[in-house]
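Engineer: My structure is in work10.cif, and what it holds is mmCIF, C-alpha atoms; chains and numbers go by the auth columns:
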data_my_file
#
loop_
_atom_site.group_PDB
_atom_site.id
_atom_site.type_symbol
_atom_site.label_atom_id
_atom_site.label_comp_id
_atom_site.label_asym_id
_atom_site.label_seq_id
_atom_site.Cartn_x
_atom_site.Cartn_y
_atom_site.Cartn_z
_atom_site.B_iso_or_equiv
_atom_site.auth_seq_id
_atom_site.auth_asym_id
ATOM 1 C CA MET A 1 74.026 112.605 15.222 0.00 6 A
ATOM 2 C CA LEU A 2 73.748 116.273 16.174 0.00 7 A
ATOM 3 C CA ARG A 3 72.617 115.384 19.707 0.00 8 A
ATOM 4 C CA LYS A 4 75.882 113.517 20.364 0.00 9 A
ATOM 5 C CA GLN A 5 78.032 116.594 19.788 0.00 10 A
ATOM 6 C CA PRO A 6 78.663 117.346 23.508 0.00 11 A
ATOM 7 C CA ALA A 7 79.792 113.747 24.020 0.00 12 A
ATOM 8 C CA LEU A 8 82.171 114.035 21.082 0.00 13 A
ATOM 9 C CA ILE A 9 83.562 117.307 22.431 0.00 14 A
ATOM 10 C CA SER A 10 84.140 115.593 25.790 0.00 15 A
ATOM 11 C CA VAL A 11 85.917 112.704 24.071 0.00 16 A
ATOM 12 C CA MET A 12 88.013 115.176 22.079 0.00 17 A
ATOM 13 C CA GLY A 13 88.895 117.059 25.262 0.00 18 A
ATOM 14 C CA LEU A 14 89.858 113.825 27.024 0.00 19 A
ATOM 15 C CA LEU A 15 91.931 112.726 24.034 0.00 20 A
ATOM 16 C CA LEU A 16 93.690 116.090 23.917 0.00 21 A
ATOM 17 C CA LEU A 17 94.358 115.876 27.664 0.00 22 A
ATOM 18 C CA ILE A 18 95.891 112.403 27.233 0.00 23 A
ATOM 19 C CA LEU A 19 97.925 113.600 24.256 0.00 24 A
ATOM 20 C CA GLY A 20 98.981 116.660 26.267 0.00 25 A
ATOM 21 C CA LEU A 21 100.125 114.465 29.146 0.00 26 A
ATOM 22 C CA THR A 22 102.274 112.487 26.727 0.00 27 A
ATOM 23 C CA GLN A 23 104.288 115.674 26.027 0.00 28 A
ATOM 24 C CA PHE A 24 102.920 116.568 22.576 0.00 29 A
ATOM 25 C CA PRO A 25 103.815 120.122 21.583 0.00 30 A
ATOM 26 C CA LEU A 26 100.965 122.645 21.673 0.00 31 A
ATOM 27 C CA ALA A 27 101.068 123.187 17.904 0.00 32 A
ATOM 28 C CA GLU A 28 100.496 119.480 17.270 0.00 33 A
ATOM 29 C CA LEU A 29 97.636 119.411 19.789 0.00 34 A
ATOM 30 C CA LEU A 30 95.971 122.355 18.054 0.00 35 A
ATOM 31 C CA LEU A 31 96.449 120.673 14.683 0.00 36 A
ATOM 32 C CA ILE A 32 94.898 117.431 15.974 0.00 37 A
ATOM 33 C CA GLU A 33 91.981 119.376 17.470 0.00 38 A
ATOM 34 C CA LEU A 34 91.502 121.255 14.202 0.00 39 A
ATOM 35 C CA ILE A 35 91.411 117.952 12.302 0.00 40 A
ATOM 36 C CA PHE A 36 88.771 116.588 14.700 0.00 41 A
ATOM 37 C CA VAL A 37 86.662 119.745 14.371 0.00 42 A
ATOM 38 C CA VAL A 38 86.860 119.665 10.564 0.00 43 A
ATOM 39 C CA LEU A 39 85.943 115.965 10.447 0.00 44 A
ATOM 40 C CA TRP A 40 83.051 116.467 12.873 0.00 45 A
ATOM 41 C CA SER A 41 81.799 119.454 10.863 0.00 46 A
ATOM 42 C CA PHE A 42 81.898 117.298 7.744 0.00 47 A
ATOM 43 C CA VAL A 43 79.839 114.592 9.478 0.00 48 A
ATOM 44 C CA VAL A 44 77.293 117.176 10.672 0.00 49 A
ATOM 45 C CA LEU A 45 77.078 118.609 7.152 0.00 50 A
ATOM 46 C CA LEU A 46 76.438 115.137 5.727 0.00 51 A
ATOM 47 C CA VAL A 47 73.650 114.557 8.255 0.00 52 A
ATOM 48 C CA ILE A 48 72.045 117.906 7.415 0.00 53 A
ATOM 49 C CA ILE A 49 72.207 117.184 3.671 0.00 54 A
ATOM 50 C CA SER A 50 70.767 113.706 4.215 0.00 55 A
ATOM 51 C CA ASN A 51 67.848 115.060 6.275 0.00 56 A
ATOM 52 C CA TRP A 52 67.211 117.778 3.693 0.00 57 A
ATOM 53 C CA GLN A 53 67.111 115.231 0.864 0.00 58 A
ATOM 54 C CA ARG A 54 64.763 112.991 2.858 0.00 59 A
ATOM 55 C CA ALA A 55 62.420 115.917 3.520 0.00 60 A
ATOM 56 C CA LYS A 56 62.540 116.859 -0.156 0.00 61 A
ATOM 57 C CA GLN A 57 61.608 113.288 -1.139 0.00 62 A
ATOM 58 C CA LYS A 58 58.664 113.280 1.296 0.00 63 A
ATOM 59 C CA ILE A 59 57.362 116.544 -0.154 0.00 64 A
ATOM 60 C CA GLN A 60 57.687 115.150 -3.685 0.00 65 A
ATOM 61 C CA MET A 61 55.833 111.967 -2.685 0.00 66 A
ATOM 62 C CA LYS A 62 52.991 114.044 -1.198 0.00 67 A
ATOM 63 C CA ARG A 63 52.784 116.108 -4.385 0.00 68 A
ATOM 64 C CA ASN A 64 52.716 112.971 -6.519 0.00 69 A
ATOM 65 C CA ARG A 65 49.956 111.471 -4.365 0.00 70 A
ATOM 66 C CA ALA A 66 47.883 114.647 -4.556 0.00 71 A
ATOM 67 C CA GLU A 67 48.334 114.878 -8.322 0.00 72 A
ATOM 68 C CA SER A 68 47.409 111.219 -8.746 0.00 73 A
ATOM 69 C CA LYS A 69 44.275 111.771 -6.673 0.00 74 A
ATOM 70 C CA ARG A 70 43.316 114.815 -8.770 0.00 75 A
ATOM 71 C CA ARG A 71 43.936 112.876 -11.980 0.00 76 A
ATOM 72 C CA LYS A 72 41.755 110.017 -10.731 0.00 77 A
ATOM 73 C CA GLN A 73 38.948 112.442 -9.809 0.00 78 A
ATOM 74 C CA TRP A 74 39.243 114.089 -13.231 0.00 79 A
ATOM 75 C CA LEU A 75 38.969 110.725 -14.992 0.00 80 A
ATOM 76 C CA MET A 76 35.929 109.765 -12.904 0.00 81 A
ATOM 77 C CA ALA A 77 34.233 113.093 -13.711 0.00 82 A
ATOM 78 C CA GLU A 78 35.056 112.637 -17.394 0.00 83 A
ATOM 79 C CA LYS A 79 33.614 109.112 -17.309 0.00 84 A
ATOM 80 C CA GLU A 80 30.375 110.350 -15.703 0.00 85 A
ATOM 81 C CA LEU A 81 30.119 113.141 -18.263 0.00 86 A
ATOM 82 C CA ASN A 82 30.513 110.657 -21.122 0.00 87 A
ATOM 83 C CA GLN A 83 27.831 108.422 -19.608 0.00 88 A
ATOM 84 C CA LEU A 84 25.446 111.394 -19.395 0.00 89 A
ATOM 85 C CA ARG A 85 26.184 112.311 -23.017 0.00 90 A
ATOM 86 C CA HIS A 86 25.464 108.755 -24.169 0.00 91 A
ATOM 87 C CA ARG A 87 22.196 108.689 -22.215 0.00 92 A
ATOM 88 C CA ARG A 88 21.157 111.988 -23.730 0.00 93 A
ATOM 89 C CA GLN A 89 22.027 110.712 -27.219 0.00 94 A
ATOM 90 C CA ARG A 90 19.964 107.562 -26.664 0.00 95 A
ATOM 91 C CA ILE A 91 17.015 109.633 -25.478 0.00 96 A
ATOM 92 C CA TYR A 92 17.169 111.884 -28.541 0.00 97 A
ATOM 93 C CA THR A 93 17.674 109.021 -31.022 0.00 98 A
ATOM 94 C CA ASN A 94 14.792 106.964 -29.618 0.00 99 A
#
Go ahead and express the file in the form of structure tokens.

Structural biologist:
Amino acid sequence: MLRKQPALISVMGLLLLILGLTQFPLAELLLIELIFVVLWSFVVLLVIISNWQRAKQKIQMKRNRAESKRRKQWLMAEKELNQLRHRRQRIYTN
């Protein structure tokens, strides 16, 4: 969306030229241009917010994956430790 900004500015300029040729007063042309700029800024802001949220979600997914992996490793280590304890108990009881 951000890459298309020069094209939009060209379209706005062409539109303003056409409107200017149809004898619109300068104040109305400036108001129309201001409306276009505000709307375009709003669109750019929405795109930036969307990309930021997507990046935030990716970071959260990576954190969740890493934590899940750590939890799995912890459980495996705990399981091995319990097996060693049971073996040691069997050796001492026999």

Engineer: Give me, please, the distance in Å between atom CA of Leu19 of chain A and atom CA of Val43 of chain A, quoted to one decimal.

Structural biologist: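 So the two atoms, atom CA of Leu19 of chain A and atom CA of Val43 of chain A, lie 17.7 Å apart.
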
Engineer: Rounded to one decimal, what separation in Å do you get between atom CA of Ala71 of chain A and atom CA of Arg59 of chain A?

Structural biologist: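 Separation of atom CA of Ala71 of chain A and atom CA of Arg59 of chain A: 18.5 Å.
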
Engineer: Hey, can I get the axis-aligned box for segment 82-96 of chain A? All listed atoms, 6 Å padding on each side, centre and edge lengths in Å to one decimal, as AutoDock Vina command-line options.

Structural biologist:
--center_x 26.0 --center_y 110.4 --center_z -20.5 --size_x 30.0 --size_y 17.6 --size_z 25.5

Engineer: In Å, how far is it from atom CA of Phe47 of chain A to atom CA of Lys61 of chain A?

Structural biologist: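 That distance, rounded to one decimal, is 20.9 Å.
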